[in-house]
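**Student:** Quick one: the structure is below, questions incoming.
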Amino acid sequence: MNFDQLKEQWNKEDSDVHIPDTIEQLKESKHPIEKIQKSMKKEFPAQVLSIILIGFFPMLFQFPSSQYTIYYISYALLVVVSCYYLFGFYQFYKQTELYTGNTRNSLWKIYHELKLNMERYQSFGFLLLPHFLITLGLVAYNLLEKKGESLADISHKHQISLILLVLIGVLSVVASIILWTKYFYGPSAKQLEKILNEMEE
C-alpha cells in the first residue's frame, strides 16, 4: 500500500488526525528559500560596495593626514571582520542553491543555517560599531579644531549631552540592525518553521 492509499484510508476513518502532504510541503518550502536567495543576491554586492566606499571617508570628511593611520588601522580590522562574514554569507548562499526540496532533513538544515546566518548578520553589524564610533570621534574632533576649540573646552553639560547622544545613536543602530535582519529574513524563517512544524505533526 503506497502513501496516497494509506492517507485516503486513514481520512475515511473518524479521526481528527490529519496526515500532512509531506511532498507538497517540501515543494512549498522552495518558495521561502527562493526569496532568501533573491535578498542575498541584492545584499551581497551592496555590502561589498559599502565596505569599499567606507575606505574613502577620510578624503570625504577631509581628515588631516596625521589621522589617516588611526582611521586605516580601524578600517583594516573592519575589512578583516567583513571578509570573514561575507565568506560565511557566500557559503550559506551556495547551500541554498543545492537545496532540492526532496527531503525533510535538508529543509531542517537550511532552516538552522538561516537562523545561524541571521545571528551572524547581527553580530557583523555590532562589530562595525567601534569603527563608526572612531570615525564619528575624528569628525567631531576636526569640527571642534576648525572652530579653535578642543574636547577639553566643552562644558560639563555639553559633555553629558554628547555621551547621551552617542548612547542613543548606538542603541538606534543596534535596534535597526535587528529590525533589518527580521525584515529581510524573518518572514522566510517563520514560513520554513511553520512547514517543518506541520510536517512534525
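Residue names in the C-alpha cells use chain letters A, B, ... in the order shown, residue numbers from 1 in each chain, and ligand numbers from 1 in the order shown.
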Each residue of range 103-127 of chain A with at least one atom at most 12 Å from range 44-50 of chain A should appear once, together with its nearest atom pair and the corresponding distance in Å (one decimal); atoms considered: only C-alpha atoms; ordering: chain, then increasing residue number; output as CSV.

**Tutor:**
```
residue,atom,partner,partner_atom,distance
A:Tyr121,CA,A:Gln47,CA,11.4
A:Phe124,CA,A:Gln47,CA,11.4
A:Gly125,CA,A:Gln47,CA,11.2
```

**Student:** If you count only C-alpha atoms, which residues fall within 12 Å of Leu127 in chain A, apart from same-chain ones fewer than 6 positions away, as a PyMOL selection string?

**Tutor:** chain A and resi 74-75+77-82+84-85+120-121+133+170+173-174+177

**Student:** Give me, please, the distance in Å between CA of Leu144 in chain A and CA of Phe132 in chain A, quoted to one decimal.

**Tutor:**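 Distance between the two atoms: 18.3 Å.
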
**Student:** Report as CSV the residues of range 80-184 of chain A within 10 Å of range 31-35 of chain A, each with its shortest atom pair and distance in Å (one decimal), using only C-alpha atoms, ordered by chain and increasing residue number.

**Tutor:**
```
residue,atom,partner,partner_atom,distance
A:Tyr93,CA,A:Ile33,CA,9.9
A:Thr96,CA,A:Ile33,CA,6.8
A:Glu97,CA,A:Ile33,CA,8.8
A:Tyr99,CA,A:Ile33,CA,8.6
A:Gly101,CA,A:Ile33,CA,9.7
A:Leu107,CA,A:Ile33,CA,9.5
A:Ile110,CA,A:Ile33,CA,8.4
A:Tyr111,CA,A:Ile33,CA,9.2
A:Leu114,CA,A:Ile33,CA,9.5
A:Phe184,CA,A:Lys35,CA,9.2
```

**Student:** Would you write out those residues with C-alpha atoms, as an mmCIF file, in the first residue's frame?

**Tutor:**
```
data_model
loop_
_atom_site.group_PDB
_atom_site.id
_atom_site.type_symbol
_atom_site.label_atom_id
_atom_site.label_comp_id
_atom_site.auth_asym_id
_atom_site.auth_seq_id
_atom_site.Cartn_x
_atom_site.Cartn_y
_atom_site.Cartn_z
ATOM 1 C CA TYR A 93 24.016 31.150 -0.375
ATOM 2 C CA THR A 96 20.525 27.265 -0.582
ATOM 3 C CA GLU A 97 21.329 26.632 -4.257
ATOM 4 C CA TYR A 99 18.625 22.519 -1.759
ATOM 5 C CA GLY A 101 13.293 20.146 -1.622
ATOM 6 C CA LEU A 107 14.935 21.541 4.888
ATOM 7 C CA ILE A 110 18.576 25.100 5.595
ATOM 8 C CA TYR A 111 16.324 26.396 8.392
ATOM 9 C CA LEU A 114 19.306 30.522 8.046
ATOM 10 C CA PHE A 184 14.736 40.674 5.250
#
```

**Student:** Near Ile154 in chain A, counting only C-alpha atoms, which residues have an atom at most 12 Å away, once you skip same-chain residues fewer than 4 positions from it, shown as a PyMOL selection string?

**Tutor:** chain A and resi 140-141+144-145+148-150+158-162

**Student:** Just the residues within 9 Å of Leu138 in chain A, please, counting only C-alpha atoms, with nothing from its chain fewer than 6 positions along; format it as a list in words.

**Tutor:**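 Skipping anything fewer than 6 positions along the chain leaves Phe63, Gln67 and Tyr71 of chain A.
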
**Student:** One decimal, Å: what's the distance from CA of Ile163 in chain A over to CA of Trp180 in chain A, could you say?

**Tutor:** 25.5 Å

**Student:** Distance CA of Tyr185 in chain A-CA of Phe126 in chain A, one decimal place?

**Tutor:**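 Separating CA of Tyr185 in chain A from CA of Phe126 in chain A is a distance of 17.6 Å.
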
**Student:** Hey, which of A:Leu129, A:Glu200, A:Tyr183, A:Ile51 ends up closest to Val166 in chain A? Count only C-alpha atoms.

**Tutor:**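 When distances to Val166 in chain A are compared using only C-alpha atoms, the smallest one comes from A:Leu129.
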
**Student:** Considering only C-alpha atoms, state which residue in the set A:Gln37, A:Thr69, A:Ser188, A:Ser155 is at the smallest distance from Lys115 in chain A.

**Tutor:**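 The shortest atom-to-atom distance to Lys115 in chain A comes from A:Ser188.
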